[in-house]
Every structure is written in C-alpha cells, then in structure tokens.
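Printed here is query_34.pdb (PDB, C-alpha atoms):
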ATOM      1  CA  MET I1129      12.530  20.486  21.910
ATOM      2  CA  THR I1130      13.420  21.989  18.522
ATOM      3  CA  ARG I1131      15.453  18.892  17.616
ATOM      4  CA  ARG I1132      12.451  16.640  18.338
ATOM      5  CA  VAL I1133      10.219  18.947  16.321
ATOM      6  CA  ALA I1134      12.721  18.989  13.450
ATOM      7  CA  GLU I1135      12.796  15.183  13.400
ATOM      8  CA  GLY I1136       8.993  15.016  13.586
ATOM      9  CA  ALA I1137       8.622  17.570  10.780
ATOM     10  CA  ALA I1138      11.081  15.647   8.610
ATOM     11  CA  GLU I1139       9.211  12.396   9.253
ATOM     12  CA  LEU I1140       5.865  14.058   8.573
ATOM     13  CA  SER I1141       7.183  15.449   5.297
ATOM     14  CA  SER I1142       8.459  11.990   4.372
ATOM     15  CA  VAL I1143       5.095  10.406   5.223
ATOM     16  CA  MET I1144       3.285  13.007   3.105
ATOM     17  CA  GLN I1145       5.629  12.365   0.176
ATOM     18  CA  ARG I1146       5.104   8.611   0.520
ATOM     19  CA  PHE I1147       1.331   9.158   0.593
ATOM     20  CA  SER I1148       1.638  11.218  -2.612
ATOM     21  CA  ALA I1149       3.767   8.572  -4.322
ATOM     22  CA  LEU I1150       1.260   5.870  -3.405
ATOM     23  CA  SER I1151      -1.604   8.053  -4.645
ATOM     24  CA  GLU I1152       0.174   8.467  -7.985
ATOM     25  CA  CYS I1153       0.665   4.696  -8.114
ATOM     26  CA  ALA I1154      -3.040   4.173  -7.428
ATOM     27  CA  LEU I1155      -3.978   6.622 -10.199
ATOM     28  CA  ARG I1156      -1.727   4.793 -12.663
ATOM     29  CA  ALA I1157      -3.275   1.489 -11.579
ATOM     30  CA  CYS I1158      -6.772   2.909 -12.185
ATOM     31  CA  ASP I1159      -5.794   4.087 -15.643
ATOM     32  CA  SER I1160      -4.241   0.751 -16.576
ATOM     33  CA  GLY I1161      -7.000  -1.353 -14.984
ATOM     34  CA  ASP I1162      -4.515  -3.142 -12.716
ATOM     35  CA  ASP I1163      -6.683  -4.167  -9.763
ATOM     36  CA  ALA I1164      -3.822  -5.816  -7.863
ATOM     37  CA  ALA I1165      -1.623  -2.721  -8.079
ATOM     38  CA  LEU I1166      -4.539  -0.517  -7.054
ATOM     39  CA  ALA I1167      -5.320  -2.677  -4.032
ATOM     40  CA  GLY I1168      -1.651  -2.728  -3.025
ATOM     41  CA  ALA I1169      -1.295   1.048  -3.346
ATOM     42  CA  LEU I1170      -4.477   1.702  -1.365
ATOM     43  CA  ASP I1171      -3.455  -0.755   1.369
ATOM     44  CA  ALA I1172      -0.032   0.876   1.635
ATOM     45  CA  ARG I1173      -1.672   4.318   1.756
ATOM     46  CA  ASP I1174      -3.793   3.133   4.683
ATOM     47  CA  LEU I1175      -0.657   2.090   6.554
ATOM     48  CA  VAL I1176       1.046   5.414   5.846
ATOM     49  CA  THR I1177      -2.063   7.349   6.865
ATOM     50  CA  ARG I1178      -2.045   5.701  10.297
ATOM     51  CA  ARG I1179       1.276   7.391  11.035
ATOM     52  CA  LEU I1180      -0.059  10.872  10.219
ATOM     53  CA  ALA I1181      -2.316  11.370  13.250
ATOM     54  CA  PRO I1182       0.341  10.663  15.921
ATOM     55  CA  LEU I1183       2.873  12.862  14.152
ATOM     56  CA  LEU I1184       0.409  15.719  13.806
ATOM     57  CA  ARG I1185      -0.574  15.390  17.479
ATOM     58  CA  GLU I1186       3.053  15.499  18.616
ATOM     59  CA  LEU I1187       3.887  18.511  16.468
ATOM     60  CA  SER I1188       0.750  20.360  17.470
ATOM     61  CA  ALA I1189       1.451  19.705  21.159
ATOM     62  CA  ALA I1190       5.034  20.931  20.728
ATOM     63  CA  ARG I1191       3.820  24.129  19.110
ATOM     64  CA  LEU I1192       1.159  24.712  21.756
ATOM     65  CA  SER I1193       3.647  24.152  24.565
ATOM     66  CA  ALA I1194       6.275  26.428  23.047
ATOM     67  CA  PRO I1195       7.384  28.866  25.749
ATOM     68  CA  ASP I1196       7.509  31.960  23.557
ATOM     69  CA  ALA I1197       6.765  33.460  20.134
ATOM     70  CA  PRO I1198      10.290  32.922  18.718
ATOM     71  CA  THR I1199      10.084  29.209  19.530
ATOM     72  CA  ARG I1200       6.663  28.977  17.850
ATOM     73  CA  ALA I1201       8.087  30.818  14.837
ATOM     74  CA  ALA I1202      10.973  28.319  14.677
ATOM     75  CA  ILE I1203       8.513  25.431  14.802
ATOM     76  CA  ASP I1204       6.411  27.062  12.077
ATOM     77  CA  ALA I1205       9.521  27.419   9.919
ATOM     78  CA  LEU I1206      10.271  23.710  10.382
ATOM     79  CA  LEU I1207       6.710  22.856   9.380
ATOM     80  CA  ALA I1208       6.578  25.102   6.297
ATOM     81  CA  PRO I1209       7.891  22.407   3.893
ATOM     82  CA  VAL I1210       5.334  19.993   5.312
ATOM     83  CA  GLN I1211       2.531  22.300   4.187
ATOM     84  CA  GLY I1212       3.726  22.046   0.591
ATOM     85  CA  ALA I1213       3.870  18.257   0.810
ATOM     86  CA  ALA I1214       0.409  18.219   2.384
ATOM     87  CA  GLY I1215      -0.960  20.356  -0.441
ATOM     88  CA  GLU I1216       0.402  17.937  -3.038
ATOM     89  CA  ALA I1217      -0.984  14.965  -1.087
ATOM     90  CA  CYS I1218      -4.423  16.616  -0.968
ATOM     91  CA  ARG I1219      -4.327  17.352  -4.705
ATOM     92  CA  LEU I1220      -3.449  13.754  -5.551
ATOM     93  CA  ASN I1221      -6.039  12.402  -3.141
ATOM     94  CA  ALA I1222      -8.709  14.591  -4.769
ATOM     95  CA  ALA I1223      -7.643  13.310  -8.200
ATOM     96  CA  LEU I1224      -7.903   9.732  -6.960
ATOM     97  CA  GLU I1225     -11.347  10.390  -5.471
ATOM     98  CA  ALA I1226     -12.499  11.914  -8.769
ATOM     99  CA  ARG I1227     -11.183   8.893 -10.659
ATOM    100  CA  ALA I1228     -12.992   6.571  -8.237
ATOM    101  CA  ARG I1229     -16.250   8.477  -8.838
ATOM    102  CA  GLU I1230     -15.744   8.114 -12.612
ATOM    103  CA  VAL I1231     -15.160   4.384 -12.262
ATOM    104  CA  ARG I1232     -18.221   3.970 -10.021
ATOM    105  CA  ALA I1233     -20.373   5.915 -12.503
ATOM    106  CA  ASP I1234     -19.078   3.760 -15.369
ATOM    107  CA  ILE I1235     -19.818   0.572 -13.431
ATOM    108  CA  GLY I1236     -23.307   1.877 -12.645
ATOM    109  CA  ALA I1237     -23.908   2.645 -16.323
ATOM    110  CA  GLN I1238     -22.704  -0.813 -17.323
ATOM    111  CA  LEU I1239     -24.994  -2.435 -14.761
ATOM    112  CA  ALA I1240     -27.922  -0.331 -15.976
ATOM    113  CA  ARG I1241     -27.243  -1.421 -19.585
ATOM    114  CA  LEU I1242     -27.067  -5.061 -18.528
ATOM    115  CA  SER I1243     -30.305  -4.744 -16.590
ATOM    116  CA  HIS I1244     -31.983  -3.020 -19.526
ATOM    117  CA  ASP I1245     -30.662  -5.652 -21.961
ATOM    118  CA  ASP I1246     -31.952  -8.467 -19.713
ATOM    119  CA  SER I1247     -35.351  -6.780 -19.427
ATOM    120  CA  ALA I1248     -35.507  -6.256 -23.183
ATOM    121  CA  ARG I1249     -34.572  -9.891 -23.859
ATOM    122  CA  SER I1250     -37.194 -11.119 -21.396
ATOM    123  CA  ALA I1251     -39.862  -8.869 -22.872
ATOM    124  CA  TYR I1252     -38.960  -9.930 -26.403
ATOM    125  CA  ALA I1253     -38.933 -13.588 -25.453
ATOM    126  CA  ALA I1254     -42.304 -13.239 -23.736
ATOM    127  CA  SER I1255     -43.852 -11.433 -26.693
ATOM    128  CA  ALA I1256     -42.243 -13.575 -29.397
ATOM    129  CA  VAL I1257     -43.841 -16.806 -28.280
ATOM    130  CA  HIS I1258     -47.566 -17.082 -28.907
ATOM    131  CA  PRO I1259     -49.208 -19.105 -26.148
ATOM    132  CA  GLY I1260     -50.747 -21.556 -28.542
ATOM    133  CA  GLY I1261     -48.388 -21.833 -31.438
ATOM    134  CA  GLY I1262     -44.877 -20.636 -30.713
ATOM    135  CA  ARG I1263     -45.058 -17.880 -33.339
ATOM    136  CA  LEU I1264     -44.572 -14.139 -33.137
ATOM    137  CA  ASP I1265     -47.733 -12.354 -32.075
ATOM    138  CA  LEU I1266     -48.063  -9.613 -34.697
ATOM    139  CA  ARG I1267     -50.985  -7.908 -32.907
ATOM    140  CA  ARG I1268     -48.716  -6.528 -30.136
TER     141      ARG I1268
END

Spit out the file's structure as structure tokens when you get a sec.
Amino acid sequence: MTRRVAEGAAELSSVMQRFSALSECALRACDSGDDAALAGALDARDLVTRRLAPLLRELSAARLSAPDAPTRAAIDALLAPVQGAAGEACRLNAALEARAREVRADIGAQLARLSHDDSARSAYAASAVHPGGGRLDLRR
C-alpha cells in the first residue's frame, strides 16, 4: 500500500507543480496581453485540474484505510511535500484571480467611458442642431 501511496503522492506533487507552472504562464500572458497564450495556459490548467480529484480521493482513501497510526504517519510523511506544492499552487491561483479581477475592472471602466462618450456625442449632436436652422442653440 505504501508503494501505491508513494506513487500517488509523487504524481500529485507533479500535477501541482504543473498547475503552478501553467498559472505562471497565464500570469505572464495576462501581463503581455497575449490572449492565445492565456487561453492555452487556462485550457491546459483545466486538463491538469481534472487529475487532481481522483488522486486526492485515492490518497485520502489510502490514509483512511491505513491499519494503524505508524502507517498513517508514513502516508502523511509522503504527502508533506505535496502540501508545499499545493500552497504554491494556491498562491499562484490567487494571483491569477486578482489579475483577472483587475482586467475585468479595466474593461468595465473602458466600456463605461465609451458609453459616456457616446452619450455625450449624442447629446452634443442633439443640442448643436437647431430644429429650424442647423445652428447651435445658444439658449441651452
């Protein structure tokens, strides 16, 4: 059982490291404005993420079914490096989420400016043309 757990822990650590690398790639793509690289990194992250749940289930089941405390302690020791990789993956994911919020806020601000500019142009155009003569209405 410990061999299976060791292999699962090694794979889980590898998956977490891959997730982190893809998150870093996505952050770089955000900073450089490379939409294709961002989409590729996020798609690859989705694929990597799908492997996490089965691995976590298997390792959790192995720990729960451990016959005694020393076996659980051995499993915990095998999983200790995974916790560090998971922490790094969480940190990078949080950074990516923060960057996504910044980008969304910037897009919202740009859309608001465009909407305001369109409204201002329409209002100016409506007030600039006098119904009878095509001149600026100075009374407004």

Let me have the centre and edge lengths of the axis-aligned box enclosing all listed atoms of region 1197-1200 of chain I with 5 Å padding on every side, in Å to one decimal, as AutoDock Vina command-line options.
--center_x 8.5 --center_y 31.2 --center_z 19.0 --size_x 13.6 --size_y 14.5 --size_z 12.3

Best match for closeness to Leu1150 (chain I) among I:Ser1193, I:Ser1188, I:Asn1221, I:Gln1238, counting all atoms listed in the file: I:Asn1221

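Applied to this file, the PyMOL selection byres ((chain I and resi 1148) around 9) selects the residues Val1143, Met1144, Gln1145, Arg1146, Phe1147, Ala1149, Leu1150, Ser1151, Glu1152, Cys1153, Arg1173, Ala1213, Ala1214, Glu1216, Ala1217, Cys1218, Arg1219, Leu1220 and Asn1221 of chain I.
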
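CA of Ser1141 (chain I) is found 7.1 Å from CA of Pro1209 (chain I).
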
In Å, with one decimal, what is the gap from CA of Asp1163 (chain I) to CA of Asp1245 (chain I)? 26.9 Å

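Using all atoms listed in the file, the protein and nucleic acid residues lying no more than 12 Å from Glu1230 (chain I), apart from those fewer than 6 places from it along its own chain, are Cys1158, Asp1159, Ala1223, Leu1224, Gly1236 and Ala1237 of chain I.
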
Tell me, in Å to one decimal, how far CA of Leu1170 (chain I) is from CA of Leu1155 (chain I). 10.1 Å

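Distance cut-off 10 Å, centre (4.7, 26.6, 16.7), atoms counted all atoms listed in the file; the residues meeting this are Val1133, Leu1187, Ser1188, Ala1189, Ala1190, Arg1191, Leu1192, Ser1193, Ala1194, Pro1195, Asp1196, Ala1197, Pro1198, Thr1199, Arg1200, Ala1201, Ala1202, Ile1203, Asp1204, Ala1205, Leu1206 and Leu1207 of chain I.
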
Output region 1132-1172 of chain I from the block with N, CA and C atoms, as a compact mmCIF listing (two decimals), in the first residue's frame?
# COMPACT_ATOMS: atom_id res chain seq x y z
N ARG I 1132 2.02 2.26 -3.49
CA ARG I 1132 0.96 2.92 -4.26
C ARG I 1132 0.77 4.35 -3.79
N VAL I 1133 0.82 4.55 -2.49
CA VAL I 1133 0.67 5.90 -1.93
C VAL I 1133 1.85 6.76 -2.35
N ALA I 1134 3.05 6.21 -2.31
CA ALA I 1134 4.24 6.96 -2.72
C ALA I 1134 4.13 7.39 -4.19
N GLU I 1135 3.67 6.50 -5.04
CA GLU I 1135 3.50 6.84 -6.45
C GLU I 1135 2.42 7.90 -6.63
N GLY I 1136 1.31 7.75 -5.89
CA GLY I 1136 0.22 8.72 -5.96
C GLY I 1136 0.67 10.09 -5.45
N ALA I 1137 1.44 10.11 -4.37
CA ALA I 1137 1.93 11.37 -3.82
C ALA I 1137 2.89 12.04 -4.80
N ALA I 1138 3.74 11.26 -5.42
CA ALA I 1138 4.68 11.81 -6.41
C ALA I 1138 3.91 12.38 -7.61
N GLU I 1139 2.89 11.66 -8.06
CA GLU I 1139 2.09 12.16 -9.18
C GLU I 1139 1.34 13.43 -8.79
N LEU I 1140 0.77 13.43 -7.58
CA LEU I 1140 0.04 14.60 -7.11
C LEU I 1140 0.98 15.81 -7.02
N SER I 1141 2.16 15.60 -6.52
CA SER I 1141 3.14 16.69 -6.45
C SER I 1141 3.47 17.20 -7.85
N SER I 1142 3.64 16.29 -8.78
CA SER I 1142 3.92 16.66 -10.17
C SER I 1142 2.76 17.45 -10.78
N VAL I 1143 1.55 17.01 -10.51
CA VAL I 1143 0.36 17.71 -11.03
C VAL I 1143 0.28 19.11 -10.44
N MET I 1144 0.55 19.23 -9.15
CA MET I 1144 0.53 20.55 -8.50
C MET I 1144 1.60 21.47 -9.10
N GLN I 1145 2.78 20.93 -9.35
CA GLN I 1145 3.85 21.73 -9.94
C GLN I 1145 3.49 22.16 -11.36
N ARG I 1146 2.85 21.26 -12.10
CA ARG I 1146 2.42 21.60 -13.47
C ARG I 1146 1.36 22.69 -13.43
N PHE I 1147 0.42 22.58 -12.47
CA PHE I 1147 -0.61 23.59 -12.30
C PHE I 1147 0.04 24.94 -12.02
N SER I 1148 1.05 24.95 -11.15
CA SER I 1148 1.76 26.19 -10.81
C SER I 1148 2.46 26.77 -12.03
N ALA I 1149 3.12 25.92 -12.79
CA ALA I 1149 3.83 26.39 -13.99
C ALA I 1149 2.85 26.99 -15.00
N LEU I 1150 1.70 26.36 -15.16
CA LEU I 1150 0.70 26.88 -16.08
C LEU I 1150 0.09 28.18 -15.55
N SER I 1151 -0.05 28.29 -14.25
CA SER I 1151 -0.55 29.54 -13.66
C SER I 1151 0.44 30.68 -13.90
N GLU I 1152 1.72 30.39 -13.75
CA GLU I 1152 2.75 31.41 -14.03
C GLU I 1152 2.70 31.81 -15.50
N CYS I 1153 2.51 30.85 -16.37
CA CYS I 1153 2.40 31.12 -17.81
C CYS I 1153 1.19 32.01 -18.08
N ALA I 1154 0.08 31.72 -17.43
CA ALA I 1154 -1.13 32.53 -17.61
C ALA I 1154 -0.92 33.95 -17.10
N LEU I 1155 -0.22 34.10 -15.98
CA LEU I 1155 0.07 35.45 -15.47
C LEU I 1155 0.94 36.23 -16.45
N ARG I 1156 1.96 35.57 -16.99
CA ARG I 1156 2.81 36.24 -17.98
C ARG I 1156 2.00 36.63 -19.22
N ALA I 1157 1.09 35.76 -19.62
CA ALA I 1157 0.25 36.05 -20.79
C ALA I 1157 -0.66 37.25 -20.51
N CYS I 1158 -1.18 37.34 -19.30
CA CYS I 1158 -2.01 38.50 -18.92
C CYS I 1158 -1.19 39.78 -19.01
N ASP I 1159 0.01 39.73 -18.46
CA ASP I 1159 0.85 40.92 -18.43
C ASP I 1159 1.27 41.36 -19.83
N SER I 1160 1.46 40.40 -20.73
CA SER I 1160 1.90 40.75 -22.08
C SER I 1160 0.72 40.96 -23.03
N GLY I 1161 -0.50 40.66 -22.58
CA GLY I 1161 -1.67 40.83 -23.44
C GLY I 1161 -1.79 39.76 -24.51
N ASP I 1162 -1.16 38.61 -24.30
CA ASP I 1162 -1.18 37.52 -25.27
C ASP I 1162 -2.40 36.62 -25.00
N ASP I 1163 -3.48 36.91 -25.69
CA ASP I 1163 -4.73 36.17 -25.48
C ASP I 1163 -4.61 34.69 -25.83
N ALA I 1164 -3.87 34.38 -26.88
CA ALA I 1164 -3.72 32.97 -27.29
C ALA I 1164 -2.96 32.18 -26.23
N ALA I 1165 -1.89 32.76 -25.71
CA ALA I 1165 -1.12 32.07 -24.66
C ALA I 1165 -1.94 31.92 -23.40
N LEU I 1166 -2.72 32.93 -23.06
CA LEU I 1166 -3.58 32.86 -21.88
C LEU I 1166 -4.61 31.75 -22.04
N ALA I 1167 -5.27 31.70 -23.19
CA ALA I 1167 -6.27 30.66 -23.42
C ALA I 1167 -5.63 29.28 -23.36
N GLY I 1168 -4.47 29.12 -23.96
CA GLY I 1168 -3.77 27.84 -23.93
C GLY I 1168 -3.40 27.41 -22.52
N ALA I 1169 -2.89 28.36 -21.74
CA ALA I 1169 -2.49 28.04 -20.35
C ALA I 1169 -3.72 27.67 -19.51
N LEU I 1170 -4.80 28.41 -19.68
CA LEU I 1170 -6.01 28.11 -18.90
C LEU I 1170 -6.63 26.78 -19.31
N ASP I 1171 -6.61 26.48 -20.61
CA ASP I 1171 -7.12 25.18 -21.07
C ASP I 1171 -6.27 24.03 -20.51
N ALA I 1172 -4.97 24.20 -20.54
CA ALA I 1172 -4.08 23.16 -20.00
C ALA I 1172 -4.27 23.01 -18.49
